[in-house]
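Step one of this worksheet: look at the structure below.
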Amino acid sequence: MLEVSNLNVKYGQIHALRDVSLSVQPGRIVAVIGANGAGKSTLMMTLAGLLAPASGKITYDGKPLPAKAYDVLGEGICLVPERRRLYANLTVRENLLMGAFLRNDKDGVQADLEKMYTLFPILRERLKQYAGTLSGGEQQMVAIARGLMSRPKLLLLDEPSLGLAPLLVESVFRTVREIKAQGTTILLAEQNAFQALEMADDAFVLETGRVLLTGTGSDLIADPLVRKAYLGIKG
Amino acid sequence: MFIQTLVTGLAIGGIYALMAVGYSLVFSILNFSNFAYGSIIMLGAYIGYYVLMHMGVPLALSVLISIVGAALLCFANERLAYSTLRKRNASSLYFMISAMGTSIFLENLVYATIGSRFYAFPEVLTQQNVSFGGVSLGLLDVFAIVFSAVAIYGLHYFLQNSKTGIAIRAASYDMQVCQLNGVNVNKVIGWVFLLAGALAGISGMFLGMKYMVYPTMGWITNKAYIAAVIGGLGSLPGAVVGGLILGVLETFVSAYVSSVVRDVFSFSLLVILLLVLPTGLFGKFLEEKV
């Protein structure tokens, strides 16, 4: 579905991604794990079209990835950015409608709004509230729902568990599984390595801009290096 | 006397509000003070004056032509002077310098081509009075109040309810995420400048009729700037309230104290307000939750 080969991305002087190659198969949850500054967000933003690669190839469904972020969304790739980045000055409902900006099927959008309220019942009570007044957990729900409103084929989730209480992290990961069950492919960047690997079909370890390891989620959980460096388990 | 002063104050306040809203629209999305806005207002007034006086176009249509003309000029201003800066991620200081340059250029262009003469609209249009319950009011003032109210309400409705309007508000908060939502930010910015330009056309026409049409008439946007700051830069309701407060207070100062101290008063108000309420009456207090 998505093929990345020898991708290099630079932020001015900083070489953030070095020769990154990876592939995402349809219908799977793919996790990218790595420490702060490993390049996870850079990878996500590049895949969403916000950053231009210095070199390398990204193909999606056999075609090169469009250069503009809004065209990337049009192709069905949607990024839910790190730290949720809701429009704090818009109501929850307007945030969700922004997610459906490219769609012109009013009835379909309305039906999807209803779907979001089923997925996240708390949203129905918050519809007219400004998104900036929500708690962190609620904001994450809105952020994911906003992403889903575009009906993506590939959903990029950047650190959805960041700053959430453990109970909420559980619920976010449960939601991710539900989204996958409904047929959306997911690429997930997480620092919360254990839970991400547990859930992932495939996974990559990113370290200082390079892909260090590749495997299935369970392979990587069992890998001694991952256990030591990312899961904090000795031996 | 009191009611007449109030109505005149509201009329001037309404025009200040229009200009302040135009200012704030651009500020809210690109985060810089568009000092070229005054020149667009001035050009709008010239366009309106020209088609009315030299082409025999009726007044209502002249206002419309002035609105469309100013909107297109404002749009062109963005595409020619600001869009390249945007692509280079320039800081807002450069936008401001570019805006000042545009303003000086346009003013001098008018000096060089049309001249420095002052033009007045015919008195038939500007000096008519209507009476309401024994109080005689300037017809122009009444029109200014009605027009600014309609224009501002229309803009508000558009921003609250249309897809493009919601996208404009979204982009004013986070342009990058807007792109992730499929918004072509370039188009949205184009819309913002068209809308701001349309407001400039209306205010240019009214200012020209109330005072006169001349190359530096755009400097009155200083007042709109004060109004926008009083309300809280970037806040549209703030711009409206700020404009009305400033217009009314100023007119009362002119009428009851002296018209000489009017501008001293306005600028003192700005300085004091910045000391007491640096973010204005409706300044943004939105924090990101982590």
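Convention: chains lettered A, B, ... in structure tokens order; per-chain residue numbering from 1; ligands numbered from 1 as shown.
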With only C-alpha atoms counted and 8 Å as the cut-off, give the residues of chain A in contact with chain B, each with its shortest interatomic distance in Å and the pair that gives it, as CSV.
```
residue,atom,partner,partner_atom,distance
A:Ala48,CA,B:Leu180,CA,7.2
A:Leu50,CA,B:Gln176,CA,7.7
A:Ala69,CA,B:Gln179,CA,5.6
A:Tyr70,CA,B:Gly182,CA,3.9
A:Asp71,CA,B:Gly182,CA,6.8
A:Val72,CA,B:Gly182,CA,7.9
A:Leu73,CA,B:Gly182,CA,5.7
A:Gly74,CA,B:Gly182,CA,6.8
A:Cys78,CA,B:Leu180,CA,6.9
A:Leu79,CA,B:Leu180,CA,6.6
A:Pro81,CA,B:Val177,CA,7.8
A:Arg83,CA,B:Val290,CA,6.5
A:Arg85,CA,B:Val177,CA,7.2
A:Tyr87,CA,B:Ala170,CA,5.9
A:Ala88,CA,B:Leu286,CA,6.8
A:Asn89,CA,B:Tyr173,CA,7.0
A:Leu90,CA,B:Ala170,CA,7.0
A:Glu94,CA,B:Ile166,CA,7.2
A:Met98,CA,B:Asn181,CA,6.3
A:Gly99,CA,B:Asn181,CA,5.4
A:Ala100,CA,B:Asn181,CA,7.4
A:Phe101,CA,B:Gly182,CA,6.3
A:Leu102,CA,B:Gly182,CA,5.9
A:Gly132,CA,B:Leu286,CA,6.7
A:Ser135,CA,B:Lys289,CA,7.4
A:Gly136,CA,B:Lys289,CA,6.1
A:Gly147,CA,B:Asn181,CA,7.8
A:Ser150,CA,B:Asn181,CA,7.8
A:Leu162,CA,B:Val290,CA,7.9
A:Gly163,CA,B:Val290,CA,6.0
```
Please report, as a VMD selection string, each residue of range 15-251 of chain B to which DSSP assigns alpha helix (DSSP H) when run on this structure's backbone.
chain B and resid 15 to 30 37 to 54 59 to 77 83 to 87 92 to 113 123 to 126 139 to 161 163 to 173 175 to 180 185 to 210 221 to 231 236 to 251
Counting only C-alpha atoms, figure out which residue out of B:Val135, B:Ile114, B:Ile47, B:Val261 gets nearest to Leu61 in chain B.
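When distances to Leu61 in chain B are compared using only C-alpha atoms, the smallest one comes from B:Ile47.
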Report, in Å to a single decimal, how far apart CA of Ala228 in chain B and CA of Ser266 in chain B are.
12.6 Å
Who sits within 8 Å of Leu97 in chain A, only C-alpha atoms, same chain under 4 positions skipped, as a list in words
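That gives Arg93, Phe101, Val109, Arg146 and Met149 of chain A.
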Selection: 10 Å around Leu207 in chain B, only C-alpha atoms, excl. self and same-chain fewer than 2 positions, as a list in words
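These residues fall inside the cut-off: Ile12, Ile15, Tyr16, Ile41, Met42, Ala45, Ala144, Gly201, Ile202, Ser203, Gly204, Met205, Met209, Lys210, Tyr211, Met212, Val213, Met217, Gly218 and Ile220 of chain B.
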Store the residues of this selection in a file with N, CA and C atoms, as a compact mmCIF listing (two decimals), in the first residue's frame.
```
# COMPACT_ATOMS: atom_id res chain seq x y z
N ILE B 12 -19.14 56.91 12.40
CA ILE B 12 -17.68 56.86 12.28
C ILE B 12 -17.16 55.57 12.89
N ILE B 15 -17.54 52.72 10.53
CA ILE B 15 -16.51 52.69 9.49
C ILE B 15 -15.18 52.21 10.08
N TYR B 16 -14.85 52.71 11.28
CA TYR B 16 -13.65 52.22 11.97
C TYR B 16 -13.74 50.71 12.15
N ILE B 41 -7.94 51.08 0.80
CA ILE B 41 -9.13 51.87 1.10
C ILE B 41 -9.15 53.13 0.23
N MET B 42 -7.99 53.79 0.15
CA MET B 42 -7.86 55.00 -0.65
C MET B 42 -8.18 54.70 -2.13
N ALA B 45 -11.81 54.28 -2.74
CA ALA B 45 -12.51 55.56 -2.80
C ALA B 45 -12.32 56.22 -4.17
N ALA B 144 -24.17 54.82 6.75
CA ALA B 144 -22.90 54.23 7.20
C ALA B 144 -23.16 53.20 8.29
N GLY B 201 -13.34 48.57 0.40
CA GLY B 201 -14.10 49.31 -0.62
C GLY B 201 -15.26 50.07 0.02
N ILE B 202 -16.00 49.40 0.90
CA ILE B 202 -17.13 50.08 1.56
C ILE B 202 -16.61 51.24 2.39
N SER B 203 -15.58 50.99 3.20
CA SER B 203 -15.12 52.07 4.07
C SER B 203 -14.52 53.20 3.26
N GLY B 204 -13.83 52.87 2.16
CA GLY B 204 -13.27 53.92 1.31
C GLY B 204 -14.36 54.83 0.77
N MET B 205 -15.45 54.22 0.29
CA MET B 205 -16.56 55.01 -0.24
C MET B 205 -17.14 55.94 0.83
N MET B 209 -16.96 60.06 1.04
CA MET B 209 -18.16 60.87 1.05
C MET B 209 -18.23 61.74 2.30
N LYS B 210 -17.79 61.19 3.41
CA LYS B 210 -17.85 61.92 4.68
C LYS B 210 -16.81 63.04 4.69
N TYR B 211 -15.58 62.70 4.27
CA TYR B 211 -14.53 63.70 4.23
C TYR B 211 -14.23 64.03 2.76
N MET B 212 -13.12 63.56 2.25
CA MET B 212 -12.80 63.80 0.84
C MET B 212 -11.95 62.64 0.33
N VAL B 213 -11.71 62.66 -1.00
CA VAL B 213 -10.87 61.64 -1.59
C VAL B 213 -9.51 62.25 -1.92
N MET B 217 -5.54 59.69 2.30
CA MET B 217 -6.71 59.43 3.14
C MET B 217 -6.63 58.09 3.86
N GLY B 218 -5.78 57.19 3.34
CA GLY B 218 -5.65 55.88 3.95
C GLY B 218 -5.05 55.90 5.34
N ILE B 220 -6.05 57.19 7.79
CA ILE B 220 -7.09 57.07 8.82
C ILE B 220 -7.14 55.64 9.38
```
Residues within 6 Å of Val32 in chain A, please, as a PyMOL selection string. Count only C-alpha atoms; anything in the same chain fewer than 5 positions from it doesn't count.
chain A and resi 188-189+203-205
Every residue of range 103-259 of chain B that DSSP places in strand (DSSP E), as a VMD selection string:
chain B and resid 129 to 132 135 to 138
Preceding selection exported with C-alpha atoms as a PDB file, in the first residue's frame:
```
ATOM      1  CA  ASN B 129     -30.654  65.066   6.384  1.00  0.00           C
ATOM      2  CA  VAL B 130     -33.495  62.934   7.605  1.00  0.00           C
ATOM      3  CA  SER B 131     -35.473  63.538  10.733  1.00  0.00           C
ATOM      4  CA  PHE B 132     -36.443  60.979  13.251  1.00  0.00           C
ATOM      5  CA  VAL B 135     -34.019  64.990  15.562  1.00  0.00           C
ATOM      6  CA  SER B 136     -32.271  65.774  12.308  1.00  0.00           C
ATOM      7  CA  LEU B 137     -29.664  63.197  11.336  1.00  0.00           C
ATOM      8  CA  GLY B 138     -27.226  63.029   8.444  1.00  0.00           C
TER       9      GLY B 138
END
```
CA of Leu30 in chain B to CA of Ser66 in chain B measures 24.9 Å
Selection: 9 Å around Gly115 in chain B, only C-alpha atoms, excl. self and same-chain fewer than 5 positions, as a ChimeraX atom specification:
/B:109-110,214-215
Suppose we keep N, CA and C atoms; can you now write the selection as a JSON list (two decimals), in the first residue's frame?
```json
[["chain", "number", "residue", "atom", "x", "y", "z"],
["B", 109, "LEU", "N", 2.12, 56.47, -6.32],
["B", 109, "LEU", "CA", 1.61, 56.19, -7.65],
["B", 109, "LEU", "C", 0.41, 57.09, -7.94],
["B", 110, "VAL", "N", -0.42, 57.27, -6.93],
["B", 110, "VAL", "CA", -1.59, 58.14, -7.10],
["B", 110, "VAL", "C", -1.14, 59.60, -7.27],
["B", 214, "TYR", "N", -8.45, 61.75, -1.32],
["B", 214, "TYR", "CA", -7.11, 62.27, -1.55],
["B", 214, "TYR", "C", -6.07, 61.19, -1.26],
["B", 215, "PRO", "N", -4.84, 61.37, -1.77],
["B", 215, "PRO", "CA", -3.88, 60.25, -1.73],
["B", 215, "PRO", "C", -3.56, 59.72, -0.33]]
```
Which is closest to Ile221 in chain A among A:Leu154, A:Asp112, A:Leu22, A:Ala31, if we use only C-alpha atoms?
A:Ala31
For Glu82 in chain A, please output as a list in words all residues within 7 Å (counting only C-alpha atoms; exclusion window: fewer than 5 positions along the same chain).
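Listing them by chain and then by number gives Asp158, Glu159 and Pro160 of chain A.
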Those residues you just picked out, can you put them in a file as a PDB file, in the first residue's frame with C-alpha atoms?
```
ATOM      1  CA  ASP A 158       1.581  10.344  15.800  1.00  0.00           C
ATOM      2  CA  GLU A 159       1.967   9.620  19.534  1.00  0.00           C
ATOM      3  CA  PRO A 160      -1.734   9.258  20.326  1.00  0.00           C
TER       4      PRO A 160
END
```
